Amino acid sequence: MTNPTTPPRKSVFVTGANGYIGFAVCRAFVRAGWRVYGLVRRAESAGALVAEEITPILGSISKSATFVADLHAHTKTVDVVVSCTEQIPFAEHCEALVVLFKQIAETSNAHGVKPLVLMSSGCKDYGTTGLHGAPGLAPHTEESPLRPLDVVRDRTYGCLGLLTHGDAFDAAVLRATPVFGYEGSYYGHAFEVAAAADRTLELPLDFGTVLHGCHIDDCAEAYLALAEHPDRAAVAGQCFNVSAARYDTLGTVAKALEAEYGLAGGVVQTSPTDGDAMLPFLDVVLGYSQWVDSTKIRQLTGWSDKRALLSENMHVYRMAYEEAAKRGHEGVLRVKERIGGALAAVKM
């Protein structure tokens, strides 16, 4: 029997729904009882969404996209939009996102629901912090100055621009640390390099580098926490860092890799030389020192991270990654493709 006082289920539309963060976000909202719609570009990607009780919407983000009509065939109101797509350069993509959000908002507003847009940026918006143990080391907060890498500069400021459309939709920006777990993490690069090593893995990186990560499931729950927060005004127009309560260092991760892969000669810190111009991705993944504070979202919503750090559960995370590799998961394939050049340059 239907309870007439039961409110209708809320709906969320997730772009990049088959991506690493997007898929995790979709699953988090499904578990919480939301109606979840996910945007994917290819029909062959839709099955993975259907299997997780996510309704796929086929299309690509552009100013002339027509897939919004398909979304509205399912629901006229969208309570939350989560943007998990990213293109480089980002500026043109951001312009298309504004058009998309306004299209969704126009119909939703006409039916009495103003959407909340949760934009995915990243903690690299702030640049780096010092190394572990450095004098005066302090974490980045939402009040820290923005010093993004050139490659993410358009995303950094484009996401902030989306906070200015309050007449059509509310918005907030999430800046997560690197995420790990399951199949798609860039930390898969560390697994690949360690697996390719013989007895010793030499890395020309400082082992005091702060590697502040967050499990992908914890990250996804942060999006949900903001979406479900009862005070919309406290969320709209804000930026929120998402990070674990504690951080690893390259030293703790190196020790865990050494034990996990049985590297008798160890994972050894070496001095950088001209011959180590490698690191197209390893330098960013393992050599980017950053400590990030997430007190703001914790105090506002009660969100907290629950999963073990990368170094504390290395075997489980490795096994999940390798199982995904056996199944030909596209997230792992992307990691393997990107790691190819680095593997040839790392001293083993």
# chains A, B, ... in the order shown; residues from 1 in each chain; ligands from 1
call {"tool": "closest_atom_pairs", "arguments": {"of": "region 65-115 of chain A", "to": "region 29-51 of chain A", "cutoff": "12 Å", "atoms": "only C-alpha atoms", "output": "tab-separated table"}}
result
residue	atom	partner	partner_atom	distance
A:Ala65	CA	A:Arg41	CA	11.4
A:Phe67	CA	A:Leu39	CA	8.9
A:Val68	CA	A:Leu39	CA	9.9
A:Asp70	CA	A:Tyr37	CA	10.5
A:Leu71	CA	A:Tyr37	CA	7.7
A:His72	CA	A:Tyr37	CA	10.6
A:Ala73	CA	A:Tyr37	CA	11.6
A:His74	CA	A:Tyr37	CA	8.9
A:Thr75	CA	A:Arg35	CA	9.4
A:Thr77	CA	A:Arg35	CA	11.0
A:Val78	CA	A:Arg35	CA	9.5
A:Asp79	CA	A:Trp34	CA	9.9
A:Val80	CA	A:Val36	CA	9.8
A:Val81	CA	A:Tyr37	CA	9.5
A:Val82	CA	A:Gly38	CA	9.5
A:Ser83	CA	A:Leu39	CA	9.8
A:Cys84	CA	A:Leu39	CA	9.8
A:Thr85	CA	A:Leu39	CA	9.6
A:Leu100	CA	A:Leu39	CA	11.9
call {"tool": "residues_around", "arguments": {"residues": "region 254-256 of chain A", "least_positions_apart": "6", "cutoff": "12 Å", "atoms": "only C-alpha atoms", "output": "PyMOL selection string"}}
result
chain A and resi 190-191+193-194+200-203+205-209+211+248+262-269+286+309-318
call {"tool": "write_last_selection", "arguments": {"atoms": "N, CA, C and O atoms", "output": "tab-separated table (two decimals), in the first residue's frame"}}
result
chain	number	residue	atom	x	y	z
A	190	ALA	N	51.14	3.51	-9.80
A	190	ALA	CA	52.08	2.96	-8.82
A	190	ALA	C	52.06	1.44	-8.86
A	190	ALA	O	53.11	0.79	-8.76
A	191	PHE	N	50.87	0.85	-8.99
A	191	PHE	CA	50.78	-0.60	-9.09
A	191	PHE	C	51.52	-1.11	-10.33
A	191	PHE	O	52.23	-2.11	-10.27
A	193	VAL	N	53.97	0.29	-12.09
A	193	VAL	CA	55.42	0.46	-12.00
A	193	VAL	C	56.03	-0.57	-11.05
A	193	VAL	O	57.07	-1.17	-11.34
A	194	ALA	N	55.38	-0.81	-9.90
A	194	ALA	CA	55.90	-1.78	-8.93
A	194	ALA	C	55.85	-3.19	-9.51
A	194	ALA	O	56.77	-4.00	-9.31
A	200	THR	N	64.32	-4.05	-7.34
A	200	THR	CA	64.41	-2.71	-6.77
A	200	THR	C	63.65	-1.73	-7.67
A	200	THR	O	63.71	-1.83	-8.89
A	201	LEU	N	62.94	-0.83	-7.04
A	201	LEU	CA	62.29	0.25	-7.77
A	201	LEU	C	62.89	1.56	-7.29
A	201	LEU	O	62.81	1.89	-6.11
A	202	GLU	N	63.55	2.28	-8.20
A	202	GLU	CA	64.15	3.56	-7.86
A	202	GLU	C	63.24	4.69	-8.34
A	202	GLU	O	62.83	4.72	-9.49
A	203	LEU	N	62.94	5.59	-7.44
A	203	LEU	CA	62.09	6.74	-7.77
A	203	LEU	C	62.82	8.03	-7.44
A	203	LEU	O	63.21	8.24	-6.29
A	205	LEU	N	62.09	10.88	-6.51
A	205	LEU	CA	61.08	11.73	-5.89
A	205	LEU	C	61.33	11.78	-4.39
A	205	LEU	O	61.83	10.82	-3.81
A	206	ASP	N	60.94	12.86	-3.76
A	206	ASP	CA	61.16	13.00	-2.32
A	206	ASP	C	60.13	12.17	-1.57
A	206	ASP	O	58.93	12.34	-1.76
A	207	PHE	N	60.61	11.29	-0.69
A	207	PHE	CA	59.70	10.40	0.03
A	207	PHE	C	58.92	11.13	1.13
A	207	PHE	O	58.05	10.57	1.77
A	208	GLY	N	59.23	12.40	1.34
A	208	GLY	CA	58.42	13.22	2.24
A	208	GLY	C	57.22	13.85	1.55
A	208	GLY	O	56.44	14.56	2.19
A	209	THR	N	57.05	13.57	0.26
A	209	THR	CA	55.91	14.09	-0.49
A	209	THR	C	54.60	13.68	0.18
A	209	THR	O	54.40	12.50	0.48
A	211	LEU	N	51.03	12.60	0.08
A	211	LEU	CA	50.07	12.00	-0.85
A	211	LEU	C	48.72	11.92	-0.13
A	211	LEU	O	48.43	10.95	0.57
A	248	ASP	N	48.76	9.92	3.51
A	248	ASP	CA	49.96	9.12	3.30
A	248	ASP	C	51.11	10.03	2.92
A	248	ASP	O	50.92	11.22	2.63
A	262	GLY	N	56.96	-7.68	-2.98
A	262	GLY	CA	58.12	-8.49	-2.66
A	262	GLY	C	59.40	-7.98	-3.28
A	262	GLY	O	60.22	-8.77	-3.77
A	263	LEU	N	59.61	-6.67	-3.24
A	263	LEU	CA	60.80	-6.07	-3.84
A	263	LEU	C	61.94	-6.15	-2.83
A	263	LEU	O	62.05	-5.33	-1.92
A	264	ALA	N	62.79	-7.15	-3.01
A	264	ALA	CA	63.86	-7.41	-2.04
A	264	ALA	C	64.81	-6.23	-1.90
A	264	ALA	O	65.36	-5.97	-0.82
A	265	GLY	N	65.03	-5.52	-3.00
A	265	GLY	CA	65.92	-4.37	-2.96
A	265	GLY	C	65.23	-3.10	-2.51
A	265	GLY	O	65.88	-2.05	-2.36
A	266	GLY	N	63.94	-3.18	-2.32
A	266	GLY	CA	63.17	-2.06	-1.81
A	266	GLY	C	62.72	-1.07	-2.87
A	266	GLY	O	63.05	-1.20	-4.06
A	267	VAL	N	61.92	-0.12	-2.42
A	267	VAL	CA	61.58	1.04	-3.23
A	267	VAL	C	62.46	2.17	-2.71
A	267	VAL	O	62.35	2.56	-1.54
A	268	VAL	N	63.35	2.66	-3.55
A	268	VAL	CA	64.46	3.49	-3.10
A	268	VAL	C	64.33	4.91	-3.66
A	268	VAL	O	64.06	5.10	-4.85
A	269	GLN	N	64.53	5.87	-2.78
A	269	GLN	CA	64.56	7.27	-3.21
A	269	GLN	C	65.92	7.58	-3.80
A	269	GLN	O	66.96	7.32	-3.19
A	286	LEU	N	52.74	10.69	-7.87
A	286	LEU	CA	53.54	10.36	-6.70
A	286	LEU	C	54.46	11.50	-6.24
A	286	LEU	O	55.04	11.40	-5.17
A	309	LEU	N	43.50	4.16	4.35
A	309	LEU	CA	44.43	4.82	3.43
A	309	LEU	C	45.01	3.82	2.44
A	309	LEU	O	44.99	2.61	2.67
A	310	LEU	N	45.57	4.34	1.36
A	310	LEU	CA	46.16	3.47	0.34
A	310	LEU	C	47.22	2.55	0.93
A	310	LEU	O	47.23	1.34	0.67
A	311	SER	N	48.11	3.08	1.75
A	311	SER	CA	49.20	2.28	2.31
A	311	SER	C	48.70	1.24	3.30
A	311	SER	O	49.35	0.22	3.52
A	312	GLU	N	47.54	1.49	3.92
A	312	GLU	CA	47.03	0.61	4.96
A	312	GLU	C	46.24	-0.57	4.42
A	312	GLU	O	45.98	-1.52	5.16
A	313	ASN	N	45.85	-0.51	3.17
A	313	ASN	CA	45.03	-1.58	2.59
A	313	ASN	C	45.50	-1.89	1.18
A	313	ASN	O	44.71	-2.19	0.30
A	314	MET	N	46.82	-1.81	1.00
A	314	MET	CA	47.41	-1.93	-0.33
A	314	MET	C	47.02	-3.21	-1.05
A	314	MET	O	46.70	-3.21	-2.24
A	315	HIS	N	47.04	-4.34	-0.33
A	315	HIS	CA	46.77	-5.62	-0.97
A	315	HIS	C	45.36	-5.67	-1.54
A	315	HIS	O	45.14	-6.09	-2.69
A	316	VAL	N	44.40	-5.23	-0.77
A	316	VAL	CA	43.01	-5.25	-1.23
A	316	VAL	C	42.82	-4.33	-2.43
A	316	VAL	O	42.18	-4.71	-3.43
A	317	TYR	N	43.41	-3.14	-2.38
A	317	TYR	CA	43.27	-2.21	-3.49
A	317	TYR	C	43.98	-2.73	-4.74
A	317	TYR	O	43.48	-2.59	-5.86
A	318	ARG	N	45.12	-3.37	-4.53
A	318	ARG	CA	45.84	-3.95	-5.67
A	318	ARG	C	45.01	-5.06	-6.31
A	318	ARG	O	44.90	-5.14	-7.54
call {"tool": "closest_residue", "arguments": {"among": "A:Lys76, A:His132, A:Lys306, A:His189", "to": "Lys114 (chain A)", "atoms": "only C-alpha atoms"}}
result
A:Lys76
call {"tool": "residues_around", "arguments": {"residues": "Glu183 (chain A)", "least_positions_apart": "6", "cutoff": "7 Å", "atoms": "only C-alpha atoms", "output": "ChimeraX atom specification"}}
result
/A:320-321,324,331-332
call {"tool": "write_last_selection", "arguments": {"atoms": "C-alpha atoms", "output": "PDB file, in the first residue's frame"}}
result
ATOM      1  CA  ALA A 320      40.645  -4.981  -7.005  1.00  0.00           C
ATOM      2  CA  TYR A 321      42.695  -3.150  -9.608  1.00  0.00           C
ATOM      3  CA  ALA A 324      39.412  -5.066 -13.116  1.00  0.00           C
ATOM      4  CA  GLY A 331      39.407   2.604 -16.444  1.00  0.00           C
ATOM      5  CA  VAL A 332      42.378   0.258 -16.099  1.00  0.00           C
TER       6      VAL A 332
END
call {"tool": "residues_around", "arguments": {"residues": "Leu118 (chain A)", "least_positions_apart": "3", "cutoff": "10 Å", "atoms": "only C-alpha atoms", "output": "list in words"}}
result
Val14, Val80, Val81, Val82, Ser83, Cys84, Pro115, Ser121, Cys159, Leu162, Leu163, Asp170, Ala171, Ala172, Val173, Leu174, Tyr223, Leu224, Leu226, Ala227, Val235, Ala236 and Cys239 of chain A
